[in-house]
Structures are given as structure tokens and as C-alpha cells.
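Heads up, query-v9.cif below (mmCIF, C-alpha atoms):
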data_my_file
#
loop_
_atom_site.label_atom_id
_atom_site.label_comp_id
_atom_site.auth_asym_id
_atom_site.auth_seq_id
_atom_site.Cartn_x
_atom_site.Cartn_y
_atom_site.Cartn_z
CA MET A 23 12.34 -44.06 38.28
CA GLY A 24 12.35 -45.84 34.95
CA ALA A 25 14.17 -45.80 31.63
CA VAL A 26 12.47 -46.83 28.37
CA ASP A 27 14.35 -46.31 25.12
CA ALA A 28 15.27 -42.61 25.11
CA GLN A 29 12.86 -41.64 27.90
CA ILE A 30 13.85 -41.10 31.52
CA GLU A 31 11.29 -40.55 34.26
CA THR A 32 12.05 -39.49 37.83
CA SER A 33 9.36 -39.10 40.45
CA ARG A 34 8.95 -37.74 43.95
CA THR A 35 6.06 -38.79 46.19
CA LEU A 36 5.15 -37.03 49.44
CA VAL A 37 2.53 -38.81 51.55
CA LEU A 38 0.31 -36.36 53.45
CA ASP A 39 -0.52 -37.12 57.09
CA ASP A 40 -4.18 -36.03 56.83
CA PRO A 41 -5.95 -37.43 53.74
CA ARG A 42 -9.15 -35.56 54.71
CA ARG A 43 -7.54 -32.26 53.78
CA ALA A 44 -5.32 -33.53 50.97
CA ARG A 45 -7.74 -32.64 48.16
CA ALA A 46 -8.33 -29.08 49.43
CA PHE A 47 -4.57 -28.59 49.86
CA PHE A 48 -3.77 -29.80 46.35
CA GLU A 49 -6.48 -27.72 44.71
CA ALA A 50 -5.15 -24.62 46.48
CA LEU A 51 -1.65 -25.55 45.29
CA VAL A 52 -2.86 -25.83 41.69
CA GLN A 53 -4.71 -22.50 41.92
CA ASP A 54 -1.57 -20.73 43.15
CA ASN A 55 0.62 -22.22 40.40
CA VAL A 56 -1.45 -22.11 37.23
CA GLY A 57 1.26 -19.94 35.65
CA ILE A 58 4.08 -22.39 36.27
CA GLY A 59 4.44 -23.01 32.52
CA ARG A 60 5.39 -19.41 31.71
CA PRO A 61 8.97 -18.82 30.53
CA GLU A 62 10.20 -17.16 33.74
CA GLU A 63 8.73 -19.98 35.84
CA VAL A 64 10.06 -22.72 33.58
CA SER A 65 13.52 -21.17 33.79
CA MET A 66 13.35 -21.46 37.59
CA VAL A 67 12.25 -25.08 37.60
CA LEU A 68 14.66 -26.19 34.87
CA ALA A 69 17.51 -23.86 35.95
CA ARG A 70 17.82 -22.75 32.34
CA GLN A 71 18.31 -19.40 30.67
CA LEU A 72 15.34 -19.17 28.29
CA ARG A 73 15.63 -16.61 25.55
CA ARG A 74 12.93 -15.25 23.29
CA PRO A 75 11.89 -15.68 20.56
CA THR A 76 11.73 -19.47 20.59
CA LYS A 77 9.87 -22.05 18.54
CA HIS A 78 8.87 -23.93 21.68
CA ARG A 79 5.57 -23.11 23.36
CA TYR A 80 5.27 -22.52 27.10
CA GLN A 81 2.01 -23.59 28.64
CA THR A 82 0.40 -25.07 31.71
CA ARG A 83 -2.53 -27.45 31.41
CA ILE A 84 -4.90 -28.36 34.20
CA PHE A 85 -6.58 -31.73 33.68
CA SER A 86 -9.64 -32.91 35.55
CA THR A 87 -10.69 -36.50 34.91
CA GLY A 88 -13.46 -37.54 37.24
CA THR A 89 -12.19 -36.62 40.70
CA GLU A 90 -8.52 -36.45 39.67
CA VAL A 91 -6.91 -33.05 39.09
CA ARG A 92 -3.50 -32.81 37.44
CA ILE A 93 -1.15 -29.95 36.55
CA ASP A 94 1.12 -30.53 33.55
CA PHE A 95 3.67 -28.27 31.86
CA ARG A 96 6.21 -28.84 29.11
CA TYR A 97 9.66 -27.67 28.11
CA LYS A 98 10.86 -28.60 24.61
CA HIS A 99 10.64 -32.43 24.51
CA SER A 100 10.24 -32.88 28.27
CA ARG A 101 7.36 -32.48 30.67
CA VAL A 102 6.58 -32.27 34.38
CA LYS A 103 3.36 -33.64 35.84
CA GLN A 104 2.01 -33.15 39.35
CA TYR A 105 -1.08 -34.75 40.83
CA LEU A 106 -2.67 -36.17 43.97
CA LYS A 107 -2.22 -39.93 44.03
CA ASP A 108 -4.85 -42.10 45.74
CA GLY A 109 -6.21 -39.02 47.49
CA ARG A 110 -3.34 -38.74 49.95
CA ALA A 111 0.06 -38.41 48.22
CA LEU A 112 1.50 -35.45 46.33
CA ARG A 113 3.39 -36.86 43.35
CA ILE A 114 5.72 -35.15 40.87
CA GLU A 115 6.88 -36.88 37.69
CA THR A 116 9.55 -35.40 35.43
CA VAL A 117 9.88 -37.08 32.03
CA ILE A 118 12.93 -36.31 29.87
CA ASN A 119 12.59 -37.40 26.22
CA ASN A 120 15.70 -35.59 25.00
CA PRO A 121 18.82 -35.20 27.21
CA ASP A 122 19.75 -32.07 25.26
CA ASP A 123 16.90 -30.27 27.07
CA LEU A 124 19.05 -30.35 30.23
CA ASP A 125 22.45 -30.02 28.51
CA VAL A 126 23.33 -33.69 29.03
CA LYS A 127 24.96 -35.88 26.39
CA ARG A 128 23.07 -38.85 24.98
CA ARG A 129 25.46 -41.68 25.82
CA LEU A 130 24.55 -44.23 28.49
CA ALA A 131 27.60 -43.15 30.47
CA HIS A 132 25.83 -39.84 31.14
CA LEU A 133 22.67 -41.46 32.54
CA PRO A 134 23.55 -40.72 36.23
CA GLU A 135 24.00 -37.02 35.39
CA LEU A 136 20.65 -36.94 33.58
CA ILE A 137 18.85 -38.62 36.50
CA ASP A 138 20.43 -36.18 38.96
CA LYS A 139 19.31 -33.16 36.94
CA ALA A 140 15.79 -34.54 36.59
CA ARG A 141 15.61 -35.00 40.37
CA GLN A 142 16.74 -31.41 40.81
CA VAL A 143 13.77 -30.33 38.66
CA ASN A 144 11.42 -32.07 41.08
CA GLN A 145 13.13 -30.44 44.04
CA ARG A 146 13.04 -26.93 42.56
CA LEU A 147 9.33 -27.25 41.77
CA LEU A 148 8.66 -28.12 45.41
CA MET A 149 10.85 -25.20 46.52
CA ILE A 150 8.84 -22.74 44.41
CA GLU A 151 5.52 -24.08 45.67
CA LYS A 152 6.67 -24.13 49.28
CA ALA A 153 7.73 -20.48 49.07
CA GLY A 154 4.33 -19.53 47.67
CA GLN A 155 2.39 -21.43 50.33
CA SER A 156 4.37 -20.30 53.39
CA CYS A 157 4.41 -16.57 52.73
CA ALA A 158 3.58 -15.30 56.23
CA ILE A 159 6.32 -13.38 58.01
CA SER A 160 6.91 -12.87 61.71
CA THR A 161 6.04 -9.65 63.52
CA ALA A 162 9.73 -9.18 64.40
CA LEU A 163 10.77 -9.40 60.73
CA TYR A 164 7.96 -7.08 59.62
CA GLU A 165 8.91 -4.45 62.21
CA ARG A 166 12.61 -4.78 61.46
CA ILE A 167 12.35 -4.02 57.75
CA HIS A 168 9.96 -1.14 58.47
CA GLN A 169 12.73 0.65 60.36
CA PRO A 170 15.80 2.30 58.79
CA TYR A 171 18.93 0.18 59.11
CA ASN A 172 21.61 1.81 61.24
CA ARG A 173 24.26 -0.59 62.52
CA GLU A 174 28.04 -0.80 62.53
CA GLY A 175 28.34 2.52 60.77
CA GLN A 176 26.10 1.51 57.86
CA ARG A 177 22.77 3.20 57.21
CA THR A 178 19.98 2.73 54.72
CA GLY A 179 16.24 3.29 54.41
CA ALA A 180 13.33 1.09 55.44
CA LEU A 181 11.28 -1.19 53.17
CA ARG A 182 7.75 -0.28 54.19
CA PHE A 183 4.74 -2.17 52.92
CA GLY A 184 2.61 0.03 50.66
CA ASP A 185 5.53 2.15 49.47
CA ILE A 186 5.36 2.14 45.67
CA ARG A 187 9.04 1.35 45.16
CA ALA A 188 9.14 -1.28 47.89
CA GLN A 189 6.14 -3.02 46.31
CA ALA A 190 7.78 -2.91 42.90
CA LEU A 191 10.94 -4.43 44.39
CA ALA A 192 8.92 -7.23 45.99
CA GLY A 193 7.10 -7.93 42.75
CA ALA A 194 10.35 -8.05 40.81
CA LEU A 195 11.95 -10.42 43.30
CA CYS A 196 8.98 -12.78 42.96
CA HIS A 197 9.97 -13.28 39.32
CA ILE A 198 13.44 -14.51 40.23
CA LEU A 199 13.17 -15.78 43.80
CA PRO A 200 14.36 -19.38 43.40
CA ALA A 201 16.65 -18.92 40.39
CA LEU A 202 19.89 -20.73 41.12
CA THR A 203 21.89 -18.44 38.87
CA GLY A 204 20.99 -15.37 40.94
CA PHE A 205 20.38 -11.87 39.57
CA THR A 206 22.33 -8.69 38.86
CA ASN A 207 21.75 -4.94 38.93
CA LYS A 208 20.69 -5.09 35.27
CA THR A 209 18.27 -8.00 35.82
CA LEU A 210 16.56 -6.31 38.76
CA ARG A 211 16.45 -2.90 37.07
CA GLY A 212 14.38 -4.12 34.12
CA LEU A 213 11.87 -5.95 36.31
CA VAL A 214 11.37 -3.07 38.76
CA ALA A 215 10.96 -0.56 35.92
CA ALA A 216 8.21 -2.76 34.46
CA HIS A 217 6.38 -2.81 37.81
CA LEU A 218 6.78 0.94 38.31
CA GLY A 219 5.81 1.81 34.77
CA CYS A 220 8.50 4.49 34.63
CA ASP A 221 12.27 4.95 34.45
CA TYR A 222 14.35 3.28 37.16
CA SER A 223 18.00 4.29 37.08
CA ILE A 224 21.18 2.35 37.78
CA ARG A 225 21.76 4.56 40.82
CA GLN A 226 18.32 3.75 42.22
CA THR A 227 18.90 0.05 41.64
CA SER A 228 22.25 0.16 43.45
CA TYR A 229 20.63 1.92 46.40
CA ASP A 230 17.83 -0.65 46.57
CA LEU A 231 20.24 -3.57 46.31
CA ARG A 232 22.10 -2.13 49.29
CA ARG A 233 18.82 -1.74 51.19
CA LEU A 234 17.87 -5.34 50.51
CA ARG A 235 21.33 -6.61 51.47
CA LEU A 236 21.62 -4.69 54.75
CA HIS A 237 18.14 -5.80 55.78
CA GLY A 238 19.21 -9.41 55.21
CA LEU A 239 16.86 -10.11 52.30
CA ILE A 240 19.55 -10.81 49.70
CA GLN A 241 23.18 -11.95 49.74
CA ARG A 242 25.97 -11.12 47.36
CA MET A 243 27.78 -14.09 45.88
CA PRO A 244 31.53 -14.08 46.59
CA HIS A 245 33.75 -12.39 43.99
CA SER A 246 30.82 -11.39 41.77
CA ASN A 247 28.12 -8.78 41.20
CA THR A 248 25.41 -11.41 41.43
CA TYR A 249 22.89 -11.69 44.27
CA HIS A 250 20.46 -14.29 45.50
CA LEU A 251 17.55 -14.14 47.91
CA THR A 252 17.79 -15.35 51.49
CA GLY A 253 15.01 -17.32 53.18
CA GLU A 254 13.68 -14.11 54.74
CA GLY A 255 13.88 -12.38 51.37
CA ILE A 256 11.71 -15.04 49.74
CA ARG A 257 9.06 -14.73 52.45
CA VAL A 258 9.01 -10.92 52.40
CA ALA A 259 8.78 -10.72 48.59
CA ILE A 260 5.85 -13.14 48.42
CA PHE A 261 4.10 -11.72 51.49
CA TYR A 262 4.22 -8.13 50.18
CA THR A 263 3.09 -9.15 46.70
CA LYS A 264 0.27 -11.47 47.75
CA LEU A 265 -1.08 -9.06 50.35
CA GLN A 266 -1.12 -6.24 47.80
CA ASN A 267 -2.56 -8.20 44.86
CA ARG A 268 -5.01 -10.51 46.61
CA LEU A 269 -6.32 -8.42 49.49
CA LEU A 270 -5.71 -4.68 49.32
CA ARG A 271 -6.13 -4.13 45.59
CA PRO A 272 -9.46 -6.05 45.34
CA LEU A 273 -10.74 -4.18 48.42
CA LEU A 274 -9.76 -0.80 47.02
CA ASP A 275 -11.41 -1.64 43.69
CA ALA A 276 -14.56 -2.87 45.42
CA ASP A 277 -15.74 0.56 46.62
CA LYS A 278 -16.67 1.71 43.13
CA PRO A 279 -18.58 0.33 40.12
CA PRO A 280 -18.73 -2.29 38.68
CA ALA A 281 -18.49 -3.84 42.16
CA PRO A 282 -21.93 -4.94 43.47
CA ILE A 283 -23.77 -2.27 45.43
CA GLU A 284 -23.98 -4.58 48.46
CA VAL A 285 -20.18 -4.81 48.62
CA ARG A 286 -19.77 -1.04 48.33
CA ARG A 287 -22.31 -0.44 51.09
CA ALA A 288 -20.58 -2.97 53.35
CA LEU A 289 -17.21 -1.29 52.81
CA THR A 290 -18.72 2.13 53.54
CA THR A 291 -20.20 0.80 56.79
CA LEU A 292 -16.90 -0.80 57.75
CA SER A 293 -14.99 2.42 57.02
CA SER A 294 -17.44 4.46 59.16
CA ALA A 295 -17.11 2.01 62.05
CA VAL A 296 -13.30 2.16 61.91
CA ASN A 297 -13.31 5.96 61.85
CA GLN A 298 -15.72 6.10 64.79
CA TYR A 299 -13.57 3.67 66.77
CA ALA A 300 -10.48 5.77 66.11
CA HIS A 301 -12.35 8.93 67.16
CA ASP A 302 -13.57 7.34 70.41
CA ALA A 303 -10.09 6.02 71.16
CA ARG A 304 -8.62 9.54 70.87
CA LEU A 305 -11.24 10.94 73.26
CA ALA A 306 -11.01 8.13 75.83
CA PRO A 307 -9.18 9.10 79.06
CA ALA A 308 -5.82 7.53 79.69
CA ALA A 309 -5.92 4.45 81.91
#
Give the structure from the file, written as C-alpha cells.
Amino acid sequence: MGAVDAQIETSRTLVLDDPRRARAFFEALVQDNVGIGRPEEVSMVLARQLRRPTKHRYQTRIFSTGTEVRIDFRYKHSRVKQYLKDGRALRIETVINNPDDLDVKRRLAHLPELIDKARQVNQRLLMIEKAGQSCAISTALYERIHQPYNREGQRTGALRFGDIRAQALAGALCHILPALTGFTNKTLRGLVAAHLGCDYSIRQTSYDLRRLRLHGLIQRMPHSNTYHLTGEGIRVAIFYTKLQNRLLRPLLDADKPPAPIEVRRALTTLSSAVNQYAHDARLAPAA
């Protein structure tokens, strides 16, 4: 940490235990977070309410100098840089050139508050990246949310993967998953409607909030109408969204032009083999 004139820099360095895989890990991390400079992502990292229109640009830049790769994004007069140091340490540097960016006064007496907020930026960035990397969910959790909830006199529907509304909910929650301020019925309604591409009523939102809460994926903040995601909620939202966008959708689009003919033939062969296996399994005598 250093202080030069009006600039404050806080850093966080995590030394990896296996330098052989450090480069591959960091490049995968960069690939998964190239959009970190977008307004909704910046608001998560900085814990700020960003309103449009604004004169400040939001952008992420990926630098590659020799063998060094670096991800860099800016907010007003401040910036956050992340890179792999000496091939074995993940390093985050947050540089604040104007305390007003974090709602801190300029006097020296407020320096501890500014340093604390800058450290929180580093921590939130790691939290976002950790959620994106560890998106697998347990079989028990997957099966639980695929069943209707019926306990202690309370009942609600399941959240099945592939269901259009469940996928839209997961996608919406990915926009706001680490936001410290939480989200409301109105916040969620706008995001889900955008994913569905059609109207999504207040009544539907209330029902879905109840579904998410009873399944343990969100919690309601005391004495308010604001919710935040639980640890399980973060994992389910990212798992559903990544599985849909990075596996199923490309596969479904690959069985028709302009996908290469070799890919379409391979998928046809795979589909025939699966159907034949299912047919043989139905005809096989019980053990």
C-alpha cells in the first residue's frame, strides 16, 4: 500500500501453490471476466449505484506485453489492475486518484476510511471471480431444487434446469449476485423481463421470489423488502447460466448451418447412438 500526493494504492497478492498451472489458471480467469468493466459489474466491485447516462466510460482492457497478461478496468478517476506476478502470484491493485469516487472526503483524517474502502474493492473482485470459477453444484442441491418445496405447511414449485422462467431467473440473478445492497421485486422484475423478452408481472415476480426464498437460494433482509443471494443461490445461478450458454446452446446451434458439416454429422451419430441405447435399455429384461 502506498500514498503519493492524491493517489492511494492498495494491493492484494495471492501466491499460488502450483506455478506450473498458474498461467493457465489466470488466462481462464481473464477469459471469464472480460466484461468486468461494464456498468453492472463495476457497480458490484465498487458497491456503487451507477446511473445512466454518465460522462464516464466503462471499459475493460486486456494487455499482453511479452508473456505478461493484465486485465485493467477504470471507474471515473480510479482503476483496478489484475495480473500474474512472477508467474506464480495473483495480484490485484486498486488505485484511487480521487476520494470522491468512493464517497470519501479529501482530508488526511479520512485516509483510513479510504484505504478500507479500497481494500473492500479488492475483496469484492475476488468474490465475483470465485463465484464464477466454482459454479458446480452438488447432486443433493440439484435434486432438491428440482422438487417442489413442501415443508412446515409452506408449498411452492420447483426450479428445474431448462425451464424458460427458471433460466431467466438464473440469468437475472447473475447480474446482481454479489451486490452488497441487495435487490428488490422491482429490480428483479426488469432483469427477468429482459431475459424472457416478454411481460413479467409483479405477481409473477412475487411468486418467484417466494420460490427462491423457500428453496434457500435467497434471504430477505430484516425489516425490508430487499433480498440477497445465499451461497447456494450464487452457485445455482451461475451453474444454470453457464451450462445453458456455454454447453447446451452451442450444441443445439451446431446441428444446423453454418456449423461445419463434420460437427453436424458427429451430432447426428451421437443422437442415433443415444436413441439406440435407450431403446435397448427398454427391451432389456429386468435383472
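For the pair CA of Val91 (chain A) and CA of Glu115 (chain A), the interatomic distance is 14.4 Å.
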- Just so the selection is clear, what residues does the PyMOL selection byres ((chain A and resi 47) around 12) cover here, as a list in words?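 Against this file, the PyMOL selection byres ((chain A and resi 47) around 12) returns the residues Leu38, Asp39, Asp40, Pro41, Arg42, Arg43, Ala44, Arg45, Ala46, Phe48, Glu49, Ala50, Leu51, Val52, Gln53, Asp54, Val91, Tyr105, Leu106, Gly109, Arg110, Ala111, Leu112, Glu151 and Gln155 of chain A.
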Please provide the set of residues having any atom within 9 Å of Asn119 (chain A), restricted to only C-alpha atoms, with same-chain residues fewer than 4 positions apart removed, written as a PDB file with C-alpha atoms, in the frame of the given file.
ATOM      1  CA  ALA A  28      15.270 -42.610  25.110  1.00  0.00           C
ATOM      2  CA  GLN A  29      12.860 -41.640  27.900  1.00  0.00           C
ATOM      3  CA  ILE A  30      13.850 -41.100  31.520  1.00  0.00           C
ATOM      4  CA  GLU A  31      11.290 -40.550  34.260  1.00  0.00           C
ATOM      5  CA  HIS A  99      10.640 -32.430  24.510  1.00  0.00           C
ATOM      6  CA  SER A 100      10.240 -32.880  28.270  1.00  0.00           C
ATOM      7  CA  ARG A 101       7.360 -32.480  30.670  1.00  0.00           C
ATOM      8  CA  ASP A 123      16.900 -30.270  27.070  1.00  0.00           C
TER       9      ASP A 123
END
- Residues matched by the PyMOL selection byres ((chain A and resi 186) around 12), written as a PyMOL selection string: chain A and resi 181-185+187-193+214-215+217-220+262-263+266
- Residue members of the PyMOL selection byres ((chain A and resi 210) around 9) in the file shown, as a ChimeraX atom specification: /A:191,194-195,198,205-209,211-215,227,231
Using the selection just defined, write its residues with C-alpha atoms as an mmCIF file, in the coordinates of the input.
data_model
loop_
_atom_site.group_PDB
_atom_site.id
_atom_site.type_symbol
_atom_site.label_atom_id
_atom_site.label_comp_id
_atom_site.auth_asym_id
_atom_site.auth_seq_id
_atom_site.Cartn_x
_atom_site.Cartn_y
_atom_site.Cartn_z
ATOM 1 C CA LEU A 191 10.940 -4.430 44.390
ATOM 2 C CA ALA A 194 10.350 -8.050 40.810
ATOM 3 C CA LEU A 195 11.950 -10.420 43.300
ATOM 4 C CA ILE A 198 13.440 -14.510 40.230
ATOM 5 C CA PHE A 205 20.380 -11.870 39.570
ATOM 6 C CA THR A 206 22.330 -8.690 38.860
ATOM 7 C CA ASN A 207 21.750 -4.940 38.930
ATOM 8 C CA LYS A 208 20.690 -5.090 35.270
ATOM 9 C CA THR A 209 18.270 -8.000 35.820
ATOM 10 C CA ARG A 211 16.450 -2.900 37.070
ATOM 11 C CA GLY A 212 14.380 -4.120 34.120
ATOM 12 C CA LEU A 213 11.870 -5.950 36.310
ATOM 13 C CA VAL A 214 11.370 -3.070 38.760
ATOM 14 C CA ALA A 215 10.960 -0.560 35.920
ATOM 15 C CA THR A 227 18.900 0.050 41.640
ATOM 16 C CA LEU A 231 20.240 -3.570 46.310
#
- Message: As an exercise, work out the distance from CA of Arg113 (chain A) to CA of Val37 (chain A) in Å and give it to one decimal place.
- Response: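 Going from CA of Arg113 (chain A) over to CA of Val37 (chain A) covers 8.5 Å.
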- Item | Closest of A:Ser223, A:Ser33, A:Thr178, A:Thr248 to Asn144 (chain A) - atom-to-atom distances counting all atoms listed in the file |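 That would be A:Ser33, the residue with the smallest distance to Asn144 (chain A).
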- Task: Would you mind telling me which residue in A:Ile150, A:Ala180, A:Ile93, A:Leu269 lies nearest to Asp230 (chain A) when using all atoms listed in the file?
- Result: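 The shortest atom-to-atom distance to Asp230 (chain A) comes from A:Ala180.
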